[in-house]
>>> print(open('my_file.txt').read())   # compact mmCIF, C-alpha atoms
# COMPACT_ATOMS: atom_id res chain seq x y z
CA VAL A 1 -29.63 -0.82 0.57
CA LEU A 2 -27.70 1.48 2.91
CA GLU A 3 -27.86 -0.26 6.24
CA ALA A 4 -27.14 1.84 9.31
CA ASP A 5 -28.34 2.24 12.85
CA SER A 6 -30.33 5.35 12.09
CA VAL A 7 -33.97 5.12 11.09
CA GLU A 8 -33.85 5.84 7.36
CA HIS A 9 -31.44 6.77 4.59
CA ASP A 10 -32.29 8.07 1.14
CA VAL A 11 -30.03 7.85 -1.88
CA GLU A 12 -30.91 9.52 -5.14
CA VAL A 13 -29.30 8.25 -8.29
CA ALA A 14 -27.37 10.85 -10.28
CA ASP A 15 -29.86 10.90 -13.14
CA GLY A 16 -32.65 11.71 -10.68
CA LEU A 17 -34.86 8.88 -11.90
CA MET A 18 -34.70 6.57 -8.90
CA ILE A 19 -34.82 6.83 -5.12
CA VAL A 20 -33.80 4.05 -2.77
CA ASN A 21 -34.96 3.89 0.85
CA ALA A 22 -33.54 1.58 3.52
CA GLU A 23 -35.21 1.28 6.91
CA HIS A 24 -33.54 -0.43 9.86
CA GLU A 25 -36.09 -2.01 12.18
CA PRO A 26 -35.48 -2.57 15.92
CA ASN A 27 -35.75 -6.34 15.41
CA GLY A 28 -32.71 -6.31 13.15
CA ARG A 29 -34.63 -6.75 9.91
CA HIS A 30 -34.48 -4.37 6.98
CA ASN A 31 -36.94 -2.94 4.50
CA VAL A 32 -35.42 -2.00 1.16
CA LEU A 33 -37.59 0.01 -1.22
CA LEU A 34 -36.29 0.24 -4.77
CA ASP A 35 -38.49 1.72 -7.50
CA GLY A 36 -41.62 0.73 -5.63
CA LYS A 37 -40.47 -2.86 -4.95
CA THR A 38 -39.74 -3.82 -1.32
CA TRP A 39 -37.42 -6.49 0.06
CA ASN A 40 -37.63 -7.40 3.74
CA GLY A 41 -35.25 -9.61 5.68
CA PRO A 42 -32.19 -9.76 7.89
CA ARG A 43 -29.07 -7.85 6.97
CA PRO A 44 -29.06 -8.16 3.15
CA TRP A 45 -26.04 -9.77 1.51
CA LEU A 46 -26.30 -7.88 -1.71
CA THR A 47 -23.67 -9.90 -3.58
CA GLY A 48 -24.88 -13.39 -2.72
CA PRO A 49 -27.96 -15.52 -3.31
CA SER A 50 -29.70 -14.05 -0.27
CA GLY A 51 -29.59 -10.54 -1.74
CA PRO A 52 -32.34 -8.83 -3.70
CA ALA A 53 -33.29 -10.77 -6.79
CA GLY A 54 -35.38 -10.00 -9.80
CA PRO A 55 -34.97 -7.27 -12.42
CA ARG A 56 -33.93 -4.64 -9.87
CA GLY A 57 -31.69 -6.84 -7.70
CA SER A 58 -28.63 -6.18 -9.83
CA LEU A 59 -29.23 -2.45 -9.63
CA ALA A 60 -29.56 -2.63 -5.85
CA ARG A 61 -26.16 -4.30 -5.65
CA GLN A 62 -24.71 -1.64 -7.94
CA LEU A 63 -26.04 1.11 -5.68
CA LEU A 64 -24.52 -0.50 -2.62
CA ARG A 65 -21.15 -0.71 -4.35
CA ALA A 66 -21.51 2.91 -5.46
CA SER A 67 -22.06 3.95 -1.84
CA TYR A 68 -18.77 2.28 -0.91
CA GLU A 69 -16.96 3.96 -3.80
CA ALA A 70 -18.27 7.35 -2.66
CA GLN A 71 -16.56 6.74 0.70
CA GLY A 72 -13.27 5.85 -0.97
CA THR A 73 -13.66 2.08 -0.55
CA PRO A 74 -13.36 0.12 -3.84
CA ALA A 75 -16.22 -2.36 -4.08
CA ALA A 76 -16.37 -3.68 -7.66
CA LEU A 77 -16.53 -7.47 -7.88
CA VAL A 78 -13.36 -7.55 -9.98
CA SER A 79 -10.91 -4.73 -10.65
CA ALA A 80 -7.60 -4.76 -12.45
CA THR A 81 -4.75 -2.39 -13.26
CA ILE A 82 -2.00 -2.73 -15.85
CA SER A 83 0.80 -0.19 -16.23
CA LEU A 84 3.70 0.17 -18.63
CA GLY A 85 6.50 2.66 -18.14
CA ALA A 86 10.17 3.53 -18.00
CA VAL A 87 12.47 3.88 -14.98
CA VAL A 88 15.72 5.77 -14.40
CA ASP A 89 17.49 4.57 -11.23
CA SER A 90 20.73 6.16 -10.07
CA ASN A 91 21.54 3.30 -7.69
CA PRO A 92 19.52 0.11 -8.28
CA LEU A 93 21.68 -1.99 -5.93
CA TYR A 94 21.77 0.47 -3.00
CA GLU A 95 25.53 0.65 -3.22
CA HIS A 96 27.79 3.22 -1.63
CA GLU A 97 27.74 6.42 -3.65
CA THR A 98 31.36 6.12 -4.77
CA SER A 99 30.60 2.91 -6.66
CA ALA A 100 26.92 3.23 -7.52
CA PRO A 101 26.05 2.36 -11.13
CA MET A 102 23.06 3.91 -12.94
CA GLY A 103 20.36 1.85 -14.62
CA VAL A 104 17.53 2.64 -17.05
CA GLY A 105 14.89 0.33 -18.39
CA PRO A 106 11.24 -0.64 -18.89
CA SER A 107 8.71 -1.38 -16.17
CA LEU A 108 5.60 -3.56 -16.38
CA ALA A 109 3.13 -4.01 -13.52
CA ALA A 110 -0.29 -5.60 -13.06
CA ALA A 111 -2.72 -5.97 -10.15
CA LEU A 112 -5.97 -7.89 -9.73
CA THR A 113 -8.51 -7.66 -6.89
CA VAL A 114 -11.55 -9.91 -6.42
CA ARG A 115 -14.26 -9.01 -3.89
CA PRO A 116 -16.68 -11.96 -3.65
CA TRP A 117 -18.46 -10.68 -0.54
CA VAL A 118 -19.49 -7.04 -0.22
CA ASP A 119 -22.50 -6.09 1.84
CA THR A 120 -23.43 -3.33 4.22
CA ARG A 121 -21.31 -4.71 7.05
CA ASN A 122 -18.77 -7.14 5.55
CA LEU A 123 -16.02 -6.99 2.95
CA LEU A 124 -13.97 -9.98 1.81
CA TRP A 125 -11.37 -9.62 -0.89
CA ALA A 126 -8.25 -11.18 -2.36
CA GLU A 127 -5.57 -9.37 -4.29
CA GLY A 128 -2.48 -10.16 -6.28
CA ALA A 129 0.15 -7.97 -7.93
CA ALA A 130 3.29 -8.41 -10.00
CA GLN A 131 5.97 -6.02 -11.22
CA ARG A 132 8.97 -6.46 -13.48
CA VAL A 133 11.71 -3.87 -13.92
CA HIS A 134 14.74 -4.55 -16.12
CA TYR A 135 17.79 -2.31 -15.92
CA PHE A 136 20.31 -1.59 -18.61
CA ALA A 137 23.56 0.18 -17.81
CA ALA A 138 23.54 3.87 -18.64
CA GLY A 139 27.06 4.08 -20.05
CA SER A 140 30.04 1.84 -19.45
CA VAL A 141 29.90 -0.60 -16.53
CA VAL A 142 32.56 -0.26 -13.87
CA GLY A 143 32.25 -2.88 -11.14
CA THR A 144 28.71 -4.10 -10.46
CA ASP A 145 26.37 -4.37 -13.44
CA PRO A 146 23.03 -2.55 -12.90
CA ALA A 147 21.33 -5.49 -14.64
CA ASP A 148 21.95 -7.49 -11.44
CA GLY A 149 19.40 -5.20 -9.78
CA SER A 150 16.65 -6.02 -12.29
CA PHE A 151 13.82 -7.46 -10.26
CA THR A 152 10.51 -9.30 -10.30
CA ASP A 153 8.19 -8.57 -7.40
CA LEU A 154 5.17 -10.77 -6.59
CA ARG A 155 2.55 -9.97 -3.93
CA ALA A 156 -0.70 -11.63 -2.80
CA GLY A 157 -3.10 -11.36 0.11
CA VAL A 158 -6.53 -12.24 1.50
CA PHE A 159 -8.41 -9.80 3.74
CA TYR A 160 -11.67 -9.49 5.65
CA ALA A 161 -13.20 -6.32 7.10
CA ARG A 162 -16.19 -5.78 9.37
CA ARG A 163 -17.86 -2.36 9.33
CA LEU A 164 -19.50 -1.07 12.52
CA PRO A 165 -21.64 2.05 11.90
CA LEU A 166 -21.83 4.48 14.84
CA GLY A 167 -24.34 7.09 13.74
CA ASP A 168 -22.43 9.61 11.64
CA GLU A 169 -19.17 7.78 12.29
CA GLU A 170 -17.89 4.32 11.46
CA LEU A 171 -15.45 1.76 12.79
CA GLN A 172 -13.91 -0.91 10.60
CA LEU A 173 -12.00 -3.90 11.94
CA SER A 174 -9.96 -5.84 9.42
CA LEU A 175 -7.50 -8.69 9.35
CA GLY A 176 -5.58 -10.43 6.61
CA TYR A 177 -2.64 -12.45 5.38
CA ARG A 178 0.08 -11.19 3.04
CA PHE A 179 2.72 -12.98 0.99
CA GLY A 180 5.54 -11.49 -1.02
CA ILE A 181 8.60 -12.61 -2.92
CA THR A 182 11.31 -10.60 -4.69
CA LEU A 183 13.62 -12.09 -7.31
CA LEU A 184 16.75 -10.40 -8.62
CA ASP A 185 18.66 -11.18 -11.80
CA GLY A 186 21.93 -11.13 -9.87
CA ASP A 187 23.70 -14.33 -8.77
CA PRO A 188 24.63 -15.54 -5.26
CA PRO A 189 25.48 -14.27 -2.72
CA LEU A 190 23.08 -11.45 -3.70
CA THR A 191 20.35 -14.08 -4.17
CA ASP A 192 19.99 -17.82 -3.66
CA GLU A 193 20.38 -20.37 -6.45
CA ASN A 194 16.80 -19.64 -7.61
CA HIS A 195 17.45 -15.87 -7.75
CA VAL A 196 15.22 -15.28 -4.71
CA PHE A 197 16.35 -12.19 -2.84
CA SER A 198 13.63 -12.18 -0.15
CA GLU A 199 10.37 -13.86 0.82
CA SER A 200 7.83 -12.75 3.40
CA HIS A 201 4.73 -14.12 5.09
CA GLY A 202 2.72 -12.04 7.52
CA GLY A 203 -0.54 -11.09 9.12
CA VAL A 204 -2.15 -7.69 9.57
CA LEU A 205 -4.76 -6.48 12.05
CA ALA A 206 -6.20 -2.98 11.65
CA LEU A 207 -8.80 -0.77 13.26
CA ALA A 208 -10.03 2.23 11.28
CA HIS A 209 -12.28 5.07 12.40
CA ARG A 210 -13.98 7.39 9.94
CA ARG A 211 -16.07 10.50 10.30
CA ALA A 212 -16.78 13.40 7.97
CA GLY A 213 -13.52 14.34 6.30
CA VAL A 214 -11.25 12.51 8.77
CA SER A 215 -9.99 8.93 8.88
CA ASN A 216 -7.73 7.31 11.49
CA GLN A 217 -6.15 3.89 11.37
CA LEU A 218 -4.16 1.79 13.84
CA ARG A 219 -2.46 -1.17 12.20
CA LEU A 220 -0.33 -4.03 13.55
CA THR A 221 1.67 -6.28 11.24
CA VAL A 222 3.73 -9.31 12.16
CA SER A 223 5.78 -10.98 9.44
CA ARG A 224 8.54 -13.49 8.83
CA ASN A 225 11.05 -12.16 6.29
CA VAL A 226 13.58 -14.57 4.82
CA PHE A 227 16.59 -13.25 2.88
CA ALA A 228 19.18 -14.95 0.72
CA VAL A 229 21.69 -13.60 3.23
CA VAL A 230 20.31 -15.74 6.05
CA ALA A 231 21.76 -13.54 8.80
CA ARG A 232 19.33 -10.77 7.76
CA SER A 233 16.22 -12.99 8.04
CA ALA A 234 13.97 -11.75 10.83
CA VAL A 235 10.60 -11.78 12.51
CA SER A 236 9.32 -8.21 12.25
CA SER A 237 6.57 -6.49 14.23
CA GLU A 238 5.35 -3.03 13.28
CA LEU A 239 2.72 -0.73 14.76
CA TRP A 240 1.40 1.97 12.41
CA LEU A 241 -0.76 4.99 13.29
CA GLU A 242 -2.14 7.04 10.40
CA GLN A 243 -4.51 9.96 9.96
CA GLY A 244 -6.00 11.34 6.76
CA ARG A 245 -7.86 14.64 6.64
CA ALA A 246 -9.72 16.34 3.80
CA LEU A 247 -9.19 20.08 4.12
CA THR A 248 -11.24 20.82 0.99
CA PRO A 249 -12.90 18.60 -1.61
CA SER A 250 -9.69 18.80 -3.66
CA LEU A 251 -6.98 18.85 -0.96
CA ARG A 252 -6.20 15.97 1.38
CA LEU A 253 -3.44 15.61 4.00
CA LEU A 254 -1.91 12.46 5.47
CA ALA A 255 0.36 11.91 8.49
CA TRP A 256 1.78 8.74 10.05
CA LEU A 257 3.94 7.41 12.88
CA THR A 258 5.38 3.90 13.13
CA GLY A 259 7.43 1.76 15.46
CA ARG A 260 9.10 -1.48 14.36
CA HIS A 261 11.20 -4.26 15.87
CA ASP A 262 13.23 -6.81 13.90
CA ALA A 263 14.44 -9.97 15.64
CA ALA A 264 17.03 -11.28 13.20
CA GLU A 265 18.87 -14.56 12.81
CA ALA A 266 22.15 -12.73 13.49
CA ALA A 267 22.21 -10.39 16.46
CA ARG A 268 23.95 -7.63 14.50
CA TYR A 269 20.77 -7.22 12.43
CA ASP A 270 18.42 -6.92 15.42
CA ALA A 271 16.89 -3.47 15.08
CA LEU A 272 14.45 -1.03 16.61
CA SER A 273 13.16 1.73 14.36
CA PHE A 274 10.81 4.69 14.50
CA SER A 275 9.48 6.67 11.57
CA GLY A 276 7.06 9.40 10.68
CA GLY A 277 5.98 11.48 7.76
CA VAL A 278 3.46 13.71 6.10
CA GLY A 279 1.87 13.74 2.67
CA ALA A 280 -0.61 15.69 0.60
CA SER A 281 -2.64 15.23 -2.57
CA TRP A 282 -4.30 17.98 -4.57
CA LEU A 283 -6.80 17.73 -7.38
CA ALA A 284 -5.86 20.71 -9.56
CA PRO A 285 -7.54 22.27 -12.61
CA TRP A 286 -7.45 20.30 -15.86
CA ARG A 287 -7.87 17.13 -13.77
CA LEU A 288 -4.22 17.13 -12.74
CA VAL A 289 -3.45 15.31 -9.49
CA PHE A 290 -0.36 16.34 -7.52
CA GLY A 291 1.08 14.30 -4.68
CA LEU A 292 3.91 14.89 -2.20
CA ARG A 293 5.23 12.66 0.57
CA VAL A 294 8.12 13.23 3.00
CA GLY A 295 9.22 10.56 5.46
CA TYR A 296 12.01 9.95 7.98
CA ARG A 297 13.11 6.75 9.73
CA LEU A 298 15.65 6.18 12.51
CA THR A 299 16.92 2.60 12.78
CA ASP A 300 19.06 1.48 15.71
CA PHE A 301 20.89 -1.83 15.23
CA TYR A 302 21.30 -2.04 18.98
CA ALA A 303 23.26 -5.33 19.01
CA SER A 304 25.62 -4.45 16.16
CA SER A 305 28.79 -3.54 18.08
CA VAL A 306 31.16 -5.18 15.61
CA ALA A 307 34.26 -3.99 13.77
CA TYR A 308 32.69 -2.44 10.69
CA SER A 309 35.11 -0.86 8.20
CA SER A 310 35.37 2.90 8.57
CA THR A 311 35.39 3.48 4.81
CA PRO A 312 34.36 1.42 1.76
CA ASN A 313 37.04 -1.07 0.66
CA ALA A 314 39.13 -0.32 3.75
CA THR A 315 41.82 -2.88 4.56
CA THR A 316 41.63 -2.32 8.30
CA ALA A 317 38.67 -1.99 10.64
CA ARG A 318 37.98 0.79 13.10
CA GLU A 319 36.99 0.25 16.71
CA PRO A 320 33.75 -1.71 17.28
CA GLN A 321 30.69 0.50 17.19
CA ALA A 322 26.91 0.25 17.02
CA ARG A 323 25.24 0.95 13.68
CA ARG A 324 22.53 3.60 13.51
CA ASP A 325 20.89 4.68 10.24
CA HIS A 326 18.99 7.86 9.39
CA ASN A 327 16.76 7.40 6.32
CA ALA A 328 15.01 10.16 4.38
CA ASP A 329 12.39 9.43 1.70
CA VAL A 330 10.90 12.17 -0.48
CA MET A 331 8.45 11.50 -3.31
CA ALA A 332 6.62 13.86 -5.65
CA GLU A 333 4.26 12.91 -8.46
CA VAL A 334 1.83 14.35 -10.94
CA GLY A 335 -0.80 12.40 -12.84
CA ARG A 336 -3.80 12.91 -15.06
CA PRO A 337 -6.62 10.78 -16.49
CA LEU A 338 -6.23 10.40 -20.24
CA PHE A 339 -8.80 8.43 -22.25
CA TRP A 340 -10.14 4.86 -22.47
CA GLN A 341 -9.61 4.46 -18.70
CA LEU A 342 -5.93 5.28 -19.10
CA ARG A 343 -3.94 7.43 -16.70
CA GLY A 344 -0.51 9.00 -17.12
CA ARG A 345 1.86 9.59 -14.23
CA PHE A 346 5.34 11.00 -13.55
CA VAL A 347 7.06 10.22 -10.23
CA TYR A 348 10.31 11.44 -8.72
CA ARG A 349 11.67 9.80 -5.56
CA TYR A 350 14.80 10.49 -3.55
CA LEU A 351 16.16 8.11 -0.91
CA ARG A 352 19.05 9.00 1.35
CA THR A 353 20.70 7.03 4.17
CA VAL A 354 23.27 8.48 6.54
CA SER A 355 24.77 5.82 8.80
CA SER A 356 27.13 5.84 11.76
CA VAL A 357 29.01 3.24 9.72
CA THR A 358 29.94 5.13 6.56
CA SER A 359 30.03 2.06 4.34
CA PHE A 360 26.22 1.98 4.66
CA ASP A 361 25.75 5.53 3.38
CA TYR A 362 23.97 5.74 0.05
CA GLY A 363 21.73 7.95 -2.04
CA ARG A 364 19.24 7.03 -4.74
CA HIS A 365 17.25 9.01 -7.33
CA LEU A 366 14.31 7.34 -9.08
CA LEU A 367 12.39 8.73 -12.06
CA THR A 368 9.31 6.86 -13.30
CA LEU A 369 7.04 7.66 -16.22
CA ASP A 370 4.16 5.28 -16.82
CA VAL A 371 0.71 4.86 -18.33
CA ALA A 372 -1.83 2.70 -16.50
CA TRP A 373 -5.19 1.20 -17.46
CA SER A 374 -7.77 0.46 -14.76
CA GLY A 375 -11.01 -1.40 -15.08
>>> encode(input="my_file.txt", output="structure tokens")
Amino acid sequence: VLEADSVEHDVEVADGLMIVNAEHEPNGRHNVLLDGKTWNGPRPWLTGPSGPAGPRGSLARQLLRASYEAQGTPAALVSATISLGAVVDSNPLYEHETSAPMGVGPSLAAALTVRPWVDTRNLLWAEGAAQRVHYFAAGSVVGTDPADGSFTDLRAGVFYARRLPLGDEELQLSLGYRFGITLLDGDPPLTDENHVFSESHGGVLALAHRRAGVSNQLRLTVSRNVFAVVARSAVSSELWLEQGRALTPSLRLLAWLTGRHDAAEAARYDALSFSGGVGASWLAPWRLVFGLRVGYRLTDFYASSVAYSSTPNATTAREPQARRDHNADVMAEVGRPLFWQLRGRFVYRYLRTVSSVTSFDYGRHLLTLDVAWSG
């Protein structure tokens, strides 16, 4: 069941009643011994018709999926998540702080993943997700209505991964396609006539390396992002380097570095950006899970030497200058499993942008409280 390049692997089921052996022969064939019954053949596809059959075939497939889960790779044929919560957003439209309205409202999200092909070397899966957040004004509305920032977010993708065992280590090469669309309740020019704010299509290519307690990933994404404000539409390329490290069974650290280039329809939106960050998760007593993430991004709109206004609502423009943004992103959360596969979570997030063009300065506080079901 557990194919690898070493001679033999044993897996004992938690209840101690069953032992599974998998032998890898030099000719590329495999012997799988499960409760005294042996299957022999080429690399077993344990989710398809060529996989083990009979009364124990289903159990063999379950054990293979369990081995993936133990490594942190979801492998169930179908998995779904539904969450319901409430959001407090100090600046749902990313407006300058002097005019930012506050919004509060409900949040509903759902995700579905289907994995039709999972075997010892290959993973094929498709996923889709949707989220709806509706804002109501917290107090009297002055200027922009927070309800205009209410959004519906739709995401979908298809991915394939090939696992390459290397003794005690493993390489995984994956590629995929992603689609996304965001709709806002606001009217043009914020959105188009169909309330579409942005739409994206893109591909991703990733190489991951795993060994005991450490995982590294190099990821390249190329996407076409179309905005209602056509000048912002761009072809974006991003290179992402990430490392995760388990310091203890309950404490895990994460660090990342990225570089991105946006080639926009209008030259003033051409941009080169670099970012980095660190994060940590801790499984505490009483099954509490704490998470913390801190990130920073520098974005240089290198072709943006135009006469931006020096202050919001200014009647005259200052001398032409290039726009450069510094973005900080801090997120902290705490969650806990509840009952009936439910999980509660509280998240606080702070976003801050300081720009060389002051009209692009903004801050944003987000508070989210939700309950999610997974199955």
>>> closest_residue(input="my_file.txt", among="A:Gly335, A:Gly203, A:Gly180, A:Gly259", to="Pro285 in chain A", atoms="only C-alpha atoms")
A:Gly335
>>> closest_residue(input="my_file.txt", among="A:Asn122, A:Ser275, A:Asn91, A:Ser83", to="Leu108 in chain A", atoms="only C-alpha atoms")
A:Ser83
>>> residues_around(input="my_file.txt", residues="Ala255 in chain A", least_positions_apart="4", cutoff="6 Å", atoms="all atoms listed in the file", output="JSON, numbers by chain")
{"A": [242, 243, 277, 278]}
>>> atom_distance(input="my_file.txt", atom1="CA of Asp192 in chain A", atom2="CA of Arg132 in chain A")
18.6 Å
>>> atom_distance(input="my_file.txt", atom1="CA of His326 in chain A", atom2="CA of Asn225 in chain A")
21.8 Å
>>> closest_residue(input="my_file.txt", among="A:Glu127, A:Glu199, A:Asp329, A:Glu169", to="Ser79 in chain A", atoms="only C-alpha atoms")
A:Glu127
>>> atom_distance(input="my_file.txt", atom1="CA of Ala137 in chain A", atom2="CA of Ser359 in chain A")
23.2 Å
>>> residues_near_point(input="my_file.txt", point="(18.1, -8.5, 9.7)", cutoff="12 Å", atoms="all atoms listed in the file", output="PyMOL selection string")
chain A and resi 198+224-236+261-272+299-304
>>> write_last_selection(input="my_file.txt", atoms="C-alpha atoms", output="short mmCIF file (atom, residue, chain, number, x, y, z; two decimals), in the coordinates of the input")
data_model
loop_
_atom_site.label_atom_id
_atom_site.label_comp_id
_atom_site.auth_asym_id
_atom_site.auth_seq_id
_atom_site.Cartn_x
_atom_site.Cartn_y
_atom_site.Cartn_z
CA SER A 198 13.63 -12.18 -0.15
CA ARG A 224 8.54 -13.49 8.83
CA ASN A 225 11.05 -12.16 6.29
CA VAL A 226 13.58 -14.57 4.82
CA PHE A 227 16.59 -13.25 2.88
CA ALA A 228 19.18 -14.95 0.72
CA VAL A 229 21.69 -13.60 3.23
CA VAL A 230 20.31 -15.74 6.05
CA ALA A 231 21.76 -13.54 8.80
CA ARG A 232 19.33 -10.77 7.76
CA SER A 233 16.22 -12.99 8.04
CA ALA A 234 13.97 -11.75 10.83
CA VAL A 235 10.60 -11.78 12.51
CA SER A 236 9.32 -8.21 12.25
CA HIS A 261 11.20 -4.26 15.87
CA ASP A 262 13.23 -6.81 13.90
CA ALA A 263 14.44 -9.97 15.64
CA ALA A 264 17.03 -11.28 13.20
CA GLU A 265 18.87 -14.56 12.81
CA ALA A 266 22.15 -12.73 13.49
CA ALA A 267 22.21 -10.39 16.46
CA ARG A 268 23.95 -7.63 14.50
CA TYR A 269 20.77 -7.22 12.43
CA ASP A 270 18.42 -6.92 15.42
CA ALA A 271 16.89 -3.47 15.08
CA LEU A 272 14.45 -1.03 16.61
CA THR A 299 16.92 2.60 12.78
CA ASP A 300 19.06 1.48 15.71
CA PHE A 301 20.89 -1.83 15.23
CA TYR A 302 21.30 -2.04 18.98
CA ALA A 303 23.26 -5.33 19.01
CA SER A 304 25.62 -4.45 16.16
#
>>> residues_around(input="my_file.txt", residues="Gly85 in chain A", least_positions_apart="6", cutoff="8 Å", atoms="all atoms listed in the file", output="short mmCIF file (atom, residue, chain, number, x, y, z; two decimals) with C-alpha atoms, keeping the file's coordinate frame")
data_model
loop_
_atom_site.label_atom_id
_atom_site.label_comp_id
_atom_site.auth_asym_id
_atom_site.auth_seq_id
_atom_site.Cartn_x
_atom_site.Cartn_y
_atom_site.Cartn_z
CA PRO A 106 11.24 -0.64 -18.89
CA SER A 107 8.71 -1.38 -16.17
CA LEU A 108 5.60 -3.56 -16.38
CA THR A 368 9.31 6.86 -13.30
CA LEU A 369 7.04 7.66 -16.22
CA ASP A 370 4.16 5.28 -16.82
CA VAL A 371 0.71 4.86 -18.33
#
>>> closest_residue(input="my_file.txt", among="A:Ala212, A:Ala161, A:Ile82, A:Val289", to="Gln341 in chain A", atoms="all atoms listed in the file")
A:Ile82
>>> residues_near_point(input="my_file.txt", point="(-6.9, 3.1, 10.7)", cutoff="7 Å", atoms="all atoms listed in the file", output="short mmCIF file (atom, residue, chain, number, x, y, z; two decimals) with C-alpha atoms, keeping the file's coordinate frame")
data_model
loop_
_atom_site.label_atom_id
_atom_site.label_comp_id
_atom_site.auth_asym_id
_atom_site.auth_seq_id
_atom_site.Cartn_x
_atom_site.Cartn_y
_atom_site.Cartn_z
CA ALA A 206 -6.20 -2.98 11.65
CA LEU A 207 -8.80 -0.77 13.26
CA ALA A 208 -10.03 2.23 11.28
CA HIS A 209 -12.28 5.07 12.40
CA SER A 215 -9.99 8.93 8.88
CA ASN A 216 -7.73 7.31 11.49
CA GLN A 217 -6.15 3.89 11.37
CA LEU A 218 -4.16 1.79 13.84
CA ARG A 219 -2.46 -1.17 12.20
CA LEU A 241 -0.76 4.99 13.29
CA GLU A 242 -2.14 7.04 10.40
#
>>> residues_around(input="my_file.txt", residues="range 173-178 of chain A", least_positions_apart="5", cutoff="8 Å", atoms="all atoms listed in the file", output="PyMOL selection string")
chain A and resi 155-163+200-208
>>> closest_residue(input="my_file.txt", among="A:Gln131, A:Thr120, A:Asn327, A:Ser250", to="Leu351 in chain A", atoms="all atoms listed in the file")
A:Asn327
>>> residues_around(input="my_file.txt", residues="Leu190 in chain A", least_positions_apart="4", cutoff="9 Å", atoms="all atoms listed in the file", output="number ranges by chain")
A: 148, 184, 186, 195-197, 228-229
>>> axis_aligned_box(input="my_file.txt", around="range 220-237 of chain A", padding_each_side="4 Å", output="AutoDock Vina command-line options")
--center_x 10.7 --center_y -9.9 --center_z 7.5 --size_x 30.1 --size_y 19.7 --size_z 21.5
